[in-house]
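S.K.: Take a look at run06.txt, compact mmCIF, C-alpha atoms:
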```
# COMPACT_ATOMS: atom_id res chain seq x y z
CA MET A 1 19.43 -2.25 -89.81
CA GLU A 2 21.50 -1.25 -92.79
CA LEU A 3 19.77 1.22 -95.02
CA ASP A 4 21.52 -0.12 -98.11
CA SER A 5 20.10 -3.58 -97.55
CA LEU A 6 16.60 -2.11 -97.78
CA LYS A 7 17.11 -0.47 -101.15
CA ASP A 8 16.01 -3.54 -103.08
CA ILE A 9 12.89 -4.03 -100.99
CA TRP A 10 12.04 -0.37 -101.29
CA LYS A 11 12.48 -0.24 -105.05
CA ASN A 12 10.51 -3.40 -105.63
CA LEU A 13 7.57 -2.53 -103.48
CA ASP A 14 4.39 -3.69 -105.15
CA GLU A 15 1.51 -1.38 -105.87
CA GLU A 16 -0.56 -3.29 -103.32
CA ASP A 17 2.05 -2.62 -100.61
CA LEU A 18 1.68 1.07 -101.18
CA GLN A 19 -1.67 2.13 -102.43
CA PRO A 20 -4.37 3.18 -99.98
CA ALA A 21 -7.24 0.82 -99.23
CA LYS A 22 -9.71 2.94 -101.15
CA GLU A 23 -8.28 4.38 -104.33
CA VAL A 24 -9.88 7.56 -105.64
CA PRO A 25 -9.63 8.18 -109.41
CA ILE A 26 -7.03 10.84 -110.21
CA LEU A 27 -9.38 12.58 -112.62
CA SER A 28 -11.92 13.24 -109.88
CA MET A 29 -9.19 14.75 -107.68
CA LEU A 30 -8.59 17.45 -110.28
CA GLN A 31 -12.08 18.83 -109.67
CA LYS A 32 -11.39 19.34 -105.96
CA ARG A 33 -10.09 22.45 -104.26
CA SER A 34 -6.70 22.59 -102.60
CA GLN A 35 -6.80 22.44 -98.81
CA SER A 36 -3.33 23.89 -98.36
CA THR A 37 -2.84 26.74 -95.88
CA ILE A 38 -2.11 29.24 -98.64
CA ALA A 39 -5.12 28.20 -100.72
CA ARG A 40 -7.38 28.56 -97.69
CA LEU A 41 -5.90 31.96 -96.81
CA LYS A 42 -6.62 33.11 -100.38
CA ARG A 43 -10.21 31.89 -100.19
CA ASN A 44 -10.72 33.62 -96.82
CA LEU A 45 -9.29 36.84 -98.19
CA ASN A 46 -11.66 36.71 -101.17
CA ARG A 47 -14.62 36.09 -98.87
CA GLU A 48 -13.48 39.04 -96.74
CA LEU A 49 -13.35 41.23 -99.85
CA ILE A 50 -16.86 40.25 -100.92
CA ALA A 51 -18.24 40.81 -97.39
CA VAL A 52 -16.57 44.23 -97.08
CA VAL A 53 -17.74 45.39 -100.52
CA VAL A 54 -21.35 44.35 -99.79
CA ILE A 55 -21.46 45.77 -96.24
CA TYR A 56 -19.78 49.01 -97.29
CA SER A 57 -22.03 49.54 -100.27
CA ILE A 58 -25.18 49.05 -98.19
CA THR A 59 -23.91 51.23 -95.33
CA ILE A 60 -22.80 54.11 -97.56
CA TRP A 61 -26.05 53.95 -99.54
CA TYR A 62 -28.06 54.01 -96.27
CA ILE A 63 -26.09 56.90 -94.79
CA VAL A 64 -26.28 59.01 -97.93
CA THR A 65 -29.96 58.31 -98.55
CA TYR A 66 -31.49 58.36 -95.08
CA GLN A 67 -28.98 60.02 -92.74
CA GLN A 68 -27.84 62.99 -94.77
CA MET A 69 -26.48 64.90 -91.80
CA TYR A 70 -23.94 62.12 -91.35
CA SER A 71 -22.65 62.30 -94.88
CA GLU A 72 -19.11 62.85 -93.51
CA LEU A 73 -19.34 59.35 -92.09
CA SER A 74 -19.94 57.98 -95.54
CA VAL A 75 -16.82 59.79 -96.72
CA LEU A 76 -14.92 58.23 -93.84
CA LEU A 77 -16.30 54.79 -94.68
CA ALA A 78 -15.32 55.27 -98.31
CA LEU A 79 -11.78 56.19 -97.23
CA VAL A 80 -11.56 53.15 -94.98
CA GLY A 81 -12.95 51.05 -97.83
CA GLY A 82 -10.22 52.39 -100.11
CA ALA A 83 -7.65 51.51 -97.46
CA PHE A 84 -9.15 48.01 -97.30
CA LEU A 85 -8.75 47.60 -101.04
CA PHE A 86 -5.07 48.41 -100.69
CA TYR A 87 -4.92 45.97 -97.75
CA TYR A 88 -6.57 43.28 -99.92
CA TYR A 89 -4.23 43.95 -102.84
CA ARG A 90 -1.11 43.76 -100.65
CA LYS A 91 -2.19 40.56 -98.87
CA SER A 92 -3.25 38.93 -102.12
CA LYS A 93 0.09 39.80 -103.73
CA LEU A 94 2.02 38.34 -100.78
CA LEU A 95 -0.08 35.16 -100.82
CA ASN A 96 0.62 34.70 -104.53
CA GLN A 97 4.36 35.04 -103.88
CA MET A 98 4.31 32.77 -100.85
CA GLN A 99 5.05 29.45 -102.45
CA CYS A 100 6.96 28.05 -105.34
CA VAL A 101 5.87 24.46 -105.23
CA ALA A 102 8.02 23.38 -108.17
CA CYS A 103 11.18 24.96 -106.74
CA GLU A 104 13.86 23.20 -104.70
CA VAL A 105 12.53 22.33 -101.25
CA ARG A 106 14.99 24.62 -99.50
CA SER A 107 14.28 27.69 -101.63
CA ASN A 108 10.55 27.09 -101.34
CA LEU A 109 10.82 26.97 -97.55
CA LYS A 110 12.91 30.15 -97.53
CA GLN A 111 10.45 31.93 -99.81
CA GLN A 112 7.54 30.83 -97.62
CA LEU A 113 9.24 32.02 -94.46
CA VAL A 114 10.28 35.43 -95.81
CA THR A 115 6.90 36.12 -97.41
CA LEU A 116 4.95 34.86 -94.42
CA GLU A 117 6.93 37.16 -92.12
CA LYS A 118 6.16 40.12 -94.41
CA TYR A 119 2.50 39.07 -94.52
CA VAL A 120 2.30 38.80 -90.74
CA LEU A 121 4.01 42.17 -90.21
CA PHE A 122 1.61 43.85 -92.63
CA TYR A 123 -1.35 42.13 -90.99
CA PHE A 124 -0.13 43.22 -87.56
CA VAL A 125 0.47 46.87 -88.49
CA ALA A 126 -2.83 47.15 -90.39
CA GLY A 127 -4.77 45.43 -87.61
CA THR A 128 -3.18 47.53 -84.87
CA ILE A 129 -3.75 50.94 -86.41
CA ARG A 130 -7.23 50.18 -87.79
CA THR A 131 -9.15 50.29 -84.49
CA PRO A 132 -7.71 53.52 -82.99
CA LEU A 133 -7.82 55.19 -86.39
CA ALA A 134 -11.50 54.39 -86.83
CA TYR A 135 -12.21 55.49 -83.26
CA PHE A 136 -10.56 58.90 -83.57
CA ALA A 137 -12.00 59.55 -87.04
CA ALA A 138 -15.52 58.56 -85.95
CA GLY A 139 -15.14 60.63 -82.76
CA VAL A 140 -14.14 63.72 -84.70
CA ILE A 141 -17.07 63.35 -87.12
CA ILE A 142 -19.58 62.80 -84.34
CA LEU A 143 -18.26 65.88 -82.54
CA PHE A 144 -18.63 67.99 -85.68
CA ASN A 145 -22.22 66.85 -85.99
CA ALA A 146 -23.19 67.32 -82.35
CA GLN A 147 -26.64 68.95 -82.11
CA ASP A 148 -26.11 71.18 -79.09
CA PHE A 149 -22.82 72.56 -80.23
CA ASN A 150 -23.72 76.18 -79.50
CA ALA A 151 -25.43 75.57 -76.18
CA HIS A 152 -22.46 76.78 -74.17
CA LEU A 153 -22.49 80.07 -76.10
CA GLU A 154 -26.04 80.94 -75.17
CA ASN A 155 -25.04 83.34 -72.41
CA VAL A 156 -22.07 84.76 -74.25
CA PRO A 157 -22.61 88.10 -75.99
CA VAL A 158 -22.58 87.74 -79.77
CA GLU A 159 -19.69 90.16 -80.13
CA ALA A 160 -17.59 87.93 -77.85
CA GLN A 161 -18.13 84.84 -79.99
CA THR A 162 -15.61 84.02 -82.66
CA SER A 163 -16.18 81.86 -85.67
CA VAL A 164 -13.72 79.33 -84.25
CA SER A 165 -15.46 79.11 -80.90
CA GLN A 166 -18.65 78.21 -82.72
CA VAL A 167 -17.17 75.11 -84.28
CA PRO A 168 -18.63 72.22 -82.25
CA ILE A 169 -15.45 70.24 -81.88
CA VAL A 170 -13.72 73.21 -80.28
CA ALA A 171 -16.59 73.49 -77.85
CA HIS A 172 -16.21 69.85 -76.83
CA ILE A 173 -12.46 69.69 -76.86
CA SER A 174 -12.25 72.82 -74.77
CA ASN A 175 -14.17 70.79 -72.21
CA HIS A 176 -11.14 69.42 -70.42
CA ARG A 177 -12.81 66.39 -68.83
CA PHE A 178 -14.38 65.30 -72.10
CA PHE A 179 -11.10 65.71 -73.96
CA VAL A 180 -9.15 63.67 -71.40
CA LEU A 181 -11.78 60.92 -71.48
CA PHE A 182 -11.85 60.84 -75.28
CA VAL A 183 -8.07 60.64 -75.59
CA SER A 184 -7.79 58.12 -72.72
CA ILE A 185 -10.24 55.74 -74.34
CA GLY A 186 -8.33 56.15 -77.60
CA ALA A 187 -5.04 55.36 -75.86
CA VAL A 188 -6.51 52.26 -74.19
CA LEU A 189 -7.89 51.12 -77.55
CA THR A 190 -4.51 51.64 -79.22
CA VAL A 191 -2.57 49.73 -76.58
CA GLY A 192 -5.27 47.03 -76.39
CA SER A 193 -5.33 46.70 -80.16
CA TYR A 194 -1.53 46.28 -80.18
CA PHE A 195 -1.54 43.46 -77.62
CA ILE A 196 -4.64 41.71 -78.97
CA ASN A 197 -3.22 41.72 -82.50
CA ARG A 198 0.15 40.51 -81.29
CA TRP A 199 -1.48 37.62 -79.42
CA LEU A 200 -3.84 36.79 -82.28
CA ILE A 201 -1.14 36.78 -84.94
CA ASN A 202 1.17 34.73 -82.78
CA LYS A 203 -1.62 32.23 -82.22
CA MET A 204 -2.50 32.03 -85.92
CA TYR A 205 0.94 32.07 -87.50
CA GLY A 206 3.52 31.74 -84.70
CA GLN A 207 3.68 27.95 -84.77
CA HIS A 208 3.81 27.88 -88.58
CA ILE A 209 6.68 30.39 -88.68
CA GLN A 210 8.55 28.49 -85.98
CA LYS A 211 8.13 25.22 -87.88
CA LEU A 212 9.41 26.78 -91.13
CA LYS A 213 12.45 28.14 -89.25
CA GLU A 214 13.13 24.69 -87.78
CA LEU A 215 12.88 23.04 -91.20
CA LEU A 216 15.25 25.57 -92.72
CA TYR A 217 17.65 25.13 -89.86
CA GLN A 218 17.63 21.36 -90.43
CA MET A 219 18.42 21.95 -94.10
CA GLU A 220 21.12 24.55 -93.61
CA GLU A 221 22.78 22.91 -90.65
CA GLU A 222 26.32 21.95 -91.70
CA GLY A 223 26.93 18.28 -91.30
CA MET B 1 -10.16 20.05 -126.66
CA GLN B 2 -6.52 20.91 -125.92
CA ALA B 3 -7.37 21.19 -122.20
CA LYS B 4 -8.99 17.77 -122.24
CA LEU B 5 -5.95 16.37 -124.01
CA ASN B 6 -3.65 17.90 -121.39
CA GLN B 7 -5.83 16.54 -118.64
CA ASN B 8 -5.68 13.01 -120.03
CA GLU B 9 -1.94 13.31 -120.56
CA PHE B 10 -1.52 14.54 -117.00
CA VAL B 11 -3.64 11.75 -115.50
CA ALA B 12 -1.62 9.19 -117.44
CA LEU B 13 1.65 10.69 -116.17
CA VAL B 14 0.50 10.73 -112.55
CA HIS B 15 -0.81 7.20 -112.90
CA GLU B 16 2.57 6.11 -114.18
CA HIS B 17 4.37 7.68 -111.22
CA ARG B 18 1.78 7.00 -108.56
CA ALA B 19 3.95 4.47 -106.69
CA MET B 20 6.43 7.24 -105.97
CA LEU B 21 3.64 9.49 -104.68
CA TYR B 22 2.31 6.71 -102.45
CA LYS B 23 5.79 6.30 -100.99
CA VAL B 24 5.89 9.99 -100.05
CA CYS B 25 2.46 9.67 -98.43
CA ASN B 26 3.53 6.57 -96.49
CA LEU B 27 6.60 8.37 -95.24
CA TYR B 28 4.81 11.47 -94.02
CA CYS B 29 1.46 10.15 -92.84
CA THR B 30 0.29 7.45 -90.48
CA THR B 31 -3.42 7.02 -91.05
CA GLU B 32 -5.17 5.94 -94.25
CA TYR B 33 -7.22 9.12 -94.22
CA ASP B 34 -4.14 11.34 -94.01
CA LYS B 35 -2.38 9.40 -96.73
CA GLN B 36 -5.31 9.84 -99.11
CA ASP B 37 -5.61 13.46 -98.14
CA LEU B 38 -1.93 14.15 -98.83
CA PHE B 39 -2.04 12.18 -102.10
CA GLN B 40 -4.96 14.29 -103.28
CA GLU B 41 -3.24 17.52 -102.27
CA ILE B 42 -0.09 16.53 -104.16
CA VAL B 43 -2.15 15.73 -107.27
CA ILE B 44 -3.90 19.13 -107.03
CA GLN B 45 -0.55 20.93 -106.65
CA LEU B 46 0.89 18.97 -109.59
CA TRP B 47 -2.11 19.84 -111.72
CA GLY B 48 -1.78 23.54 -110.81
CA ALA B 49 1.92 23.57 -111.71
CA TYR B 50 1.62 21.36 -114.80
CA PRO B 51 0.99 24.16 -117.34
CA ARG B 52 4.27 25.77 -116.24
CA PHE B 53 6.31 22.58 -116.59
CA ARG B 54 8.56 23.20 -119.56
CA GLY B 55 10.89 20.26 -119.21
CA ASP B 56 13.84 22.29 -117.87
CA SER B 57 14.36 19.52 -115.37
CA LYS B 58 13.51 15.82 -115.51
CA PHE B 59 9.84 15.03 -115.00
CA SER B 60 10.69 12.87 -111.97
CA THR B 61 12.70 15.73 -110.40
CA TRP B 62 9.76 18.08 -110.87
CA LEU B 63 7.42 15.48 -109.41
CA TYR B 64 9.63 14.87 -106.36
CA ARG B 65 9.97 18.59 -105.71
CA ILE B 66 6.23 19.14 -105.70
CA ALA B 67 5.45 16.02 -103.68
CA LEU B 68 8.06 16.79 -101.04
CA ASN B 69 7.24 20.50 -100.92
CA THR B 70 3.60 19.63 -100.33
CA ALA B 71 4.37 17.04 -97.68
CA ILE B 72 7.03 19.03 -95.84
CA SER B 73 6.16 22.67 -96.03
CA ASP B 74 2.42 22.58 -95.83
CA LEU B 75 1.75 22.32 -92.15
CA ARG B 76 -2.01 22.37 -92.36
CA LYS B 77 -2.39 19.02 -90.66
CA GLN B 78 0.75 18.88 -88.63
CA LYS B 79 -0.93 17.03 -85.77
CA LYS B 80 -1.99 14.23 -88.03
CA TYR B 81 1.34 13.81 -89.73
CA ILE B 82 3.97 11.56 -88.24
CA LYS B 83 5.86 12.97 -85.29
CA SER B 84 9.03 11.51 -83.89
CA VAL B 85 8.35 9.30 -80.90
CA GLU B 86 10.61 7.44 -78.52
CA PRO B 87 10.63 3.64 -79.10
CA GLU B 88 9.37 2.95 -75.59
CA LEU B 89 6.35 5.12 -76.27
CA LEU B 90 5.21 3.02 -79.22
CA PRO B 91 1.88 1.35 -78.52
CA THR B 92 2.34 -2.29 -77.54
CA GLU B 93 0.12 -3.54 -80.33
CA ILE B 94 2.48 -1.94 -82.85
CA GLN B 95 5.53 -3.26 -81.05
CA ASP B 96 4.29 -6.83 -80.96
CA ILE B 97 3.01 -7.18 -84.49
CA GLN B 98 3.97 -10.52 -85.99
CA TYR B 99 4.86 -10.00 -89.58
CA SER B 100 3.78 -12.45 -92.18
CA ASN B 101 7.00 -12.46 -94.11
CA GLU B 102 10.50 -11.16 -93.88
CA LYS B 103 10.03 -8.48 -96.53
CA GLU B 104 7.12 -6.97 -94.73
CA GLU B 105 8.80 -7.18 -91.38
CA ARG B 106 11.86 -5.35 -92.62
CA LEU B 107 9.72 -2.77 -94.31
CA GLN B 108 7.77 -2.18 -91.13
CA GLN B 109 11.06 -1.86 -89.30
CA LEU B 110 12.12 0.74 -91.80
CA TYR B 111 8.89 2.73 -91.43
CA LYS B 112 9.13 2.50 -87.66
CA ALA B 113 12.70 3.77 -87.71
CA ILE B 114 11.85 6.52 -90.21
CA ASN B 115 9.18 7.77 -87.80
CA HIS B 116 12.03 8.94 -85.59
CA LEU B 117 13.60 11.06 -88.30
CA THR B 118 12.87 14.71 -88.99
CA GLU B 119 10.88 15.73 -92.08
CA ILE B 120 14.06 16.66 -93.95
CA GLU B 121 15.85 13.47 -92.98
CA ARG B 122 12.89 11.45 -94.24
CA ALA B 123 13.11 13.17 -97.60
CA ILE B 124 16.85 12.43 -97.83
CA VAL B 125 16.29 8.77 -96.89
CA MET B 126 13.56 8.41 -99.46
CA LEU B 127 15.69 9.81 -102.28
CA TYR B 128 18.57 7.61 -101.15
CA LEU B 129 16.38 4.50 -101.20
CA GLU B 130 15.15 5.52 -104.64
CA ASP B 131 18.79 5.40 -105.71
CA LYS B 132 18.95 9.05 -106.65
CA SER B 133 22.43 10.47 -107.16
CA TYR B 134 23.63 13.22 -104.82
CA GLU B 135 23.42 15.58 -107.78
CA GLU B 136 19.73 14.81 -108.25
CA MET B 137 19.14 15.04 -104.52
CA GLU B 138 20.73 18.49 -104.54
CA ASP B 139 18.51 19.45 -107.46
CA ILE B 140 15.39 18.37 -105.60
CA LEU B 141 16.19 19.49 -102.06
CA GLY B 142 18.55 22.43 -102.61
CA ILE B 143 21.13 21.08 -100.12
CA ASN B 144 24.69 20.96 -101.42
CA GLN B 145 26.19 17.55 -102.11
CA ASN B 146 28.86 17.67 -99.38
CA ASN B 147 26.28 18.54 -96.79
CA LEU B 148 24.02 15.77 -98.12
CA ARG B 149 26.77 13.19 -97.76
CA VAL B 150 27.42 14.21 -94.17
CA LYS B 151 23.71 14.18 -93.40
CA MET B 152 23.32 10.76 -95.00
CA ASN B 153 26.08 9.29 -92.83
CA ARG B 154 24.45 10.76 -89.76
CA ILE B 155 21.06 9.35 -90.72
CA LYS B 156 22.51 5.88 -91.26
CA GLU B 157 24.13 6.03 -87.85
CA LYS B 158 20.92 7.29 -86.28
CA LEU B 159 18.92 4.48 -87.88
CA ARG B 160 21.43 1.88 -86.70
CA LYS B 161 21.13 3.17 -83.12
CA LEU B 162 17.36 3.36 -83.34
CA THR B 163 17.08 -0.19 -84.58
CA LYS B 164 19.32 -1.40 -81.77
CA SER B 165 17.31 0.45 -79.16
CA VAL B 166 14.05 -0.93 -80.59
CA GLU B 167 15.49 -4.47 -80.60
CA HIS B 168 16.76 -4.20 -77.04
CA GLY B 169 13.96 -2.16 -75.60
CA VAL B 170 10.96 -3.70 -77.30
CA ARG B 171 11.68 -7.28 -78.07
```
For this file, produce the structure as structure tokens.
M.R.:
Amino acid sequence: MELDSLKDIWKNLDEEDLQPAKEVPILSMLQKRSQSTIARLKRNLNRELIAVVVIYSITIWYIVTYQQMYSELSVLLALVGGAFLFYYYRKSKLLNQMQCVACEVRSNLKQQLVTLEKYVLFYFVAGTIRTPLAYFAAGVIILFNAQDFNAHLENVPVEAQTSVSQVPIVAHISNHRFFVLFVSIGAVLTVGSYFINRWLINKMYGQHIQKLKELLYQMEEEG
Amino acid sequence: MQAKLNQNEFVALVHEHRAMLYKVCNLYCTTEYDKQDLFQEIVIQLWGAYPRFRGDSKFSTWLYRIALNTAISDLRKQKKYIKSVEPELLPTEIQDIQYSNEKEERLQQLYKAINHLTEIERAIVMLYLEDKSYEEMEDILGINQNNLRVKMNRIKEKLRKLTKSVEHGVR
């Protein structure tokens, strides 16, 4: 088959040879939402933002109003919430930069690949540090608020007690077994978080990144 | 009022160029559902980019870029889009179709052969069949003209071999 001999057929294809069986009016298509990967990622991110804002507001309000002794936890939640806002801003910015649909195909592919790799790296780092960070921060706050923090000092003469030794966390951390257990769980969580995030991200974006690399290779391949 | 005017103008433009969009859909999709889905996605992307179209390039160049970018780079339904298959793996009912006329038969042959090409090769073939100059092809795809010429020769050779193997292996 000679490609050139098909040019005439191709150029003179009738509408009926091409158009789908059921034609949808173009005007009605304009009312629909894009189903592209990037559009769906943006929508998911916005839903995530709304969910986080609602859940955080309710949790902080509950902790401050009804659980006053855990007010430090509300501070922690507010800090994590602030970190999430930065996370949202960064992801949103990367998603907006991810495609240039009216650019040359090659530069659009390149832009998608570079931005997606940045997006994935950010997602990976944020996802990996989030769990151990929350664990250690929550652990420290719970230790500070432990009820029986002076129990071990009951038999110690007052003059032998120092202000530092009365701080609950010191009392718990000085308990060697507890300290080792606390740090060990934290270490397992950190390592687990690293591998789970790596697997998850590879599953979600690995194939897409690979495909973009292949397409770019096909384009850049010399002759 | 202005928005409505733009919308009508846009719909008229897309309507005028819809044959080209259908061709892209036929090249990158197999099922009717996928073709309609891709057509709709291209229209949505065109509509989103339309306010930024300032006429720096030809309207057809802009249209091709968006259509091909949507078909090639958006991998949301990769499984449904055409994948290259070996001729012997083609279902027998497709292999044995009796075509009503020569035009259709040759066209089906072309589509069948194009199924064996990569996404980028399909885009090059399409622009070639549309009689685009290498300069325009470079403007749309971003591949330099020398490289395009070499690729085009390779594709022609590949299609020749594919057609031979289909003729010998299938018929």
S.K.: Name the closest residue to chain B among the candidates A:Gln99, A:Asn44, A:Thr190, A:Thr131; distances are taken between atoms, counting only C-alpha atoms.
M.R.: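 Of A:Gln99, A:Asn44, A:Thr190, A:Thr131, the one nearest chain B is A:Gln99, counting only C-alpha atoms.
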S.K.: I'd like to know which of B:Glu135, B:His116, B:Leu110, B:Arg54 is closest to chain A, using only C-alpha atoms.
M.R.: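 Checking each candidate against chain A, we get B:Leu110 as the closest.
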S.K.: Find the residues near Met204 of chain A: any atom within 12 Å, counting all atoms listed in the file, skip ones fewer than 4 places away on the same chain, and give them as a PyMOL selection string.
M.R.: (chain A and resi 37+41+116+120+123-124+197-200+208-210) or (chain B and resi 76)
S.K.: Using all atoms listed in the file and a distance of at most 8 Å, pull out the residues of chain A that contact chain B, as a PDB file with C-alpha atoms, in the frame of the given file.
M.R.:
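Dumped everything to result.pdb:
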```
ATOM      1  CA  MET A   1      19.430  -2.250 -89.810  1.00  0.00           C
ATOM      2  CA  GLU A   2      21.500  -1.250 -92.790  1.00  0.00           C
ATOM      3  CA  LEU A   3      19.770   1.220 -95.020  1.00  0.00           C
ATOM      4  CA  ASP A   4      21.520  -0.120 -98.110  1.00  0.00           C
ATOM      5  CA  LEU A   6      16.600  -2.110 -97.780  1.00  0.00           C
ATOM      6  CA  LYS A   7      17.110  -0.470-101.150  1.00  0.00           C
ATOM      7  CA  ILE A   9      12.890  -4.030-100.990  1.00  0.00           C
ATOM      8  CA  TRP A  10      12.040  -0.370-101.290  1.00  0.00           C
ATOM      9  CA  LYS A  11      12.480  -0.240-105.050  1.00  0.00           C
ATOM     10  CA  GLU A  15       1.510  -1.380-105.870  1.00  0.00           C
ATOM     11  CA  LEU A  18       1.680   1.070-101.180  1.00  0.00           C
ATOM     12  CA  GLN A  19      -1.670   2.130-102.430  1.00  0.00           C
ATOM     13  CA  PRO A  20      -4.370   3.180 -99.980  1.00  0.00           C
ATOM     14  CA  ALA A  21      -7.240   0.820 -99.230  1.00  0.00           C
ATOM     15  CA  ILE A  26      -7.030  10.840-110.210  1.00  0.00           C
ATOM     16  CA  LEU A  27      -9.380  12.580-112.620  1.00  0.00           C
ATOM     17  CA  MET A  29      -9.190  14.750-107.680  1.00  0.00           C
ATOM     18  CA  LEU A  30      -8.590  17.450-110.280  1.00  0.00           C
ATOM     19  CA  LYS A  32     -11.390  19.340-105.960  1.00  0.00           C
ATOM     20  CA  ARG A  33     -10.090  22.450-104.260  1.00  0.00           C
ATOM     21  CA  SER A  34      -6.700  22.590-102.600  1.00  0.00           C
ATOM     22  CA  GLN A  35      -6.800  22.440 -98.810  1.00  0.00           C
ATOM     23  CA  SER A  36      -3.330  23.890 -98.360  1.00  0.00           C
ATOM     24  CA  THR A  37      -2.840  26.740 -95.880  1.00  0.00           C
ATOM     25  CA  VAL A 101       5.870  24.460-105.230  1.00  0.00           C
ATOM     26  CA  ALA A 102       8.020  23.380-108.170  1.00  0.00           C
ATOM     27  CA  CYS A 103      11.180  24.960-106.740  1.00  0.00           C
ATOM     28  CA  GLU A 104      13.860  23.200-104.700  1.00  0.00           C
ATOM     29  CA  VAL A 105      12.530  22.330-101.250  1.00  0.00           C
ATOM     30  CA  ARG A 106      14.990  24.620 -99.500  1.00  0.00           C
ATOM     31  CA  SER A 107      14.280  27.690-101.630  1.00  0.00           C
ATOM     32  CA  ASN A 108      10.550  27.090-101.340  1.00  0.00           C
ATOM     33  CA  LEU A 109      10.820  26.970 -97.550  1.00  0.00           C
ATOM     34  CA  HIS A 208       3.810  27.880 -88.580  1.00  0.00           C
ATOM     35  CA  LEU A 212       9.410  26.780 -91.130  1.00  0.00           C
ATOM     36  CA  LEU A 215      12.880  23.040 -91.200  1.00  0.00           C
ATOM     37  CA  GLN A 218      17.630  21.360 -90.430  1.00  0.00           C
ATOM     38  CA  MET A 219      18.420  21.950 -94.100  1.00  0.00           C
ATOM     39  CA  GLU A 220      21.120  24.550 -93.610  1.00  0.00           C
ATOM     40  CA  GLU A 222      26.320  21.950 -91.700  1.00  0.00           C
ATOM     41  CA  GLY A 223      26.930  18.280 -91.300  1.00  0.00           C
TER      42      GLY A 223
END
```
S.K.: Determine the axis-aligned bounding box of all atoms of segment 154-162 of chain B present in the file, pad each side by 5 Å, and express its centre and edge lengths in Å to one decimal place as JSON.
M.R.:
```
{"center_x": 20.9, "center_y": 6.3, "center_z": -87.2, "size_x": 17.1, "size_y": 18.9, "size_z": 18.1}
```
S.K.: I'd like the interatomic distance between atom CA of Lys112 of chain B and atom CA of Asp8 of chain A, to a tenth of an Å.
M.R.: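 Computing it gives 17.9 Å between the two atoms.
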S.K.: Can you measure atom CA of Ile141 of chain A to atom CA of Leu77 of chain A for me? One decimal in Å is fine.
M.R.: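 Computed distance, atom CA of Ile141 of chain A to atom CA of Leu77 of chain A, equals 11.4 Å.
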S.K.: Rounded to one decimal, what separation in Å do you get between atom CA of Lys132 of chain B and atom CA of Lys211 of chain A?
M.R.: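 Atom CA of Lys211 of chain A lies at a distance of 27.0 Å from atom CA of Lys132 of chain B.
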S.K.: In terms of the shortest atom-to-atom distance over all atoms listed in the file, which of B:Leu27, B:Lys58, B:Tyr134, B:Leu127 is closest to Gln108 of chain B?
M.R.: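 Of B:Leu27, B:Lys58, B:Tyr134, B:Leu127, the one nearest Gln108 of chain B, counting all atoms listed in the file, is B:Leu27.
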S.K.: When you count all atoms listed in the file, which of these residues is closest to Asn202 of chain A: A:Val24, A:Leu79, A:Leu133, A:Leu121?
M.R.: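 Going through A:Val24, A:Leu79, A:Leu133, A:Leu121 one by one, the smallest distance to Asn202 of chain A is for A:Leu121.
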S.K.: Name all residues at most 12 Å from Leu94 of chain A (count only C-alpha atoms; drop same-chain ones fewer than 5 positions away) and give them as a list in words.
M.R.: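 Neighbouring residues, sequence-local ones excluded: Ile38, Leu41, Lys42, Leu45, Tyr87, Tyr88, Tyr89, Gln99, Gln111, Gln112, Leu113, Val114, Thr115, Leu116, Glu117, Lys118, Tyr119, Val120, Leu121, Phe122 and Tyr123 of chain A.
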S.K.: Using all atoms listed in the file, which of the listed residues (A:Val188, A:Ile58, A:Leu49, A:Val80) sits closest to Ala137 of chain A?
M.R.: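 Checking each of A:Val188, A:Ile58, A:Leu49, A:Val80 against Ala137 of chain A, counting all atoms listed in the file, the winner is A:Val80.
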S.K.: Just checking: using only C-alpha atoms, which residue out of A:Thr65, A:Ser92, A:Gly81, A:Val54 ends up closest to Arg130 of chain A?
M.R.: A:Gly81
S.K.: Mind filling out segment 24-31 of chain B with N, CA and C atoms and sending it as an mmCIF file, in the frame of the given file?
M.R.:
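Written file, out-v9.cif:
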```cif
data_model
loop_
_atom_site.group_PDB
_atom_site.id
_atom_site.type_symbol
_atom_site.label_atom_id
_atom_site.label_comp_id
_atom_site.auth_asym_id
_atom_site.auth_seq_id
_atom_site.Cartn_x
_atom_site.Cartn_y
_atom_site.Cartn_z
ATOM 1 N N VAL B 24 5.798 8.716 -100.796
ATOM 2 C CA VAL B 24 5.890 9.990 -100.050
ATOM 3 C C VAL B 24 4.786 10.028 -98.987
ATOM 4 N N CYS B 25 3.583 9.639 -99.377
ATOM 5 C CA CYS B 25 2.460 9.670 -98.430
ATOM 6 C C CYS B 25 2.699 8.719 -97.260
ATOM 7 N N ASN B 26 3.243 7.540 -97.561
ATOM 8 C CA ASN B 26 3.530 6.570 -96.490
ATOM 9 C C ASN B 26 4.597 7.075 -95.536
ATOM 10 N N LEU B 27 5.532 7.855 -96.083
ATOM 11 C CA LEU B 27 6.600 8.370 -95.240
ATOM 12 C C LEU B 27 6.139 9.486 -94.317
ATOM 13 N N TYR B 28 5.191 10.281 -94.780
ATOM 14 C CA TYR B 28 4.810 11.470 -94.020
ATOM 15 C C TYR B 28 3.475 11.354 -93.280
ATOM 16 N N CYS B 29 2.753 10.286 -93.512
ATOM 17 C CA CYS B 29 1.460 10.150 -92.840
ATOM 18 C C CYS B 29 1.320 8.783 -92.179
ATOM 19 N N THR B 30 0.508 8.743 -91.156
ATOM 20 C CA THR B 30 0.290 7.450 -90.480
ATOM 21 C C THR B 30 -1.043 6.820 -90.851
ATOM 22 N N THR B 31 -2.108 7.612 -90.828
ATOM 23 C CA THR B 31 -3.420 7.020 -91.050
ATOM 24 C C THR B 31 -3.793 6.968 -92.537
#
```
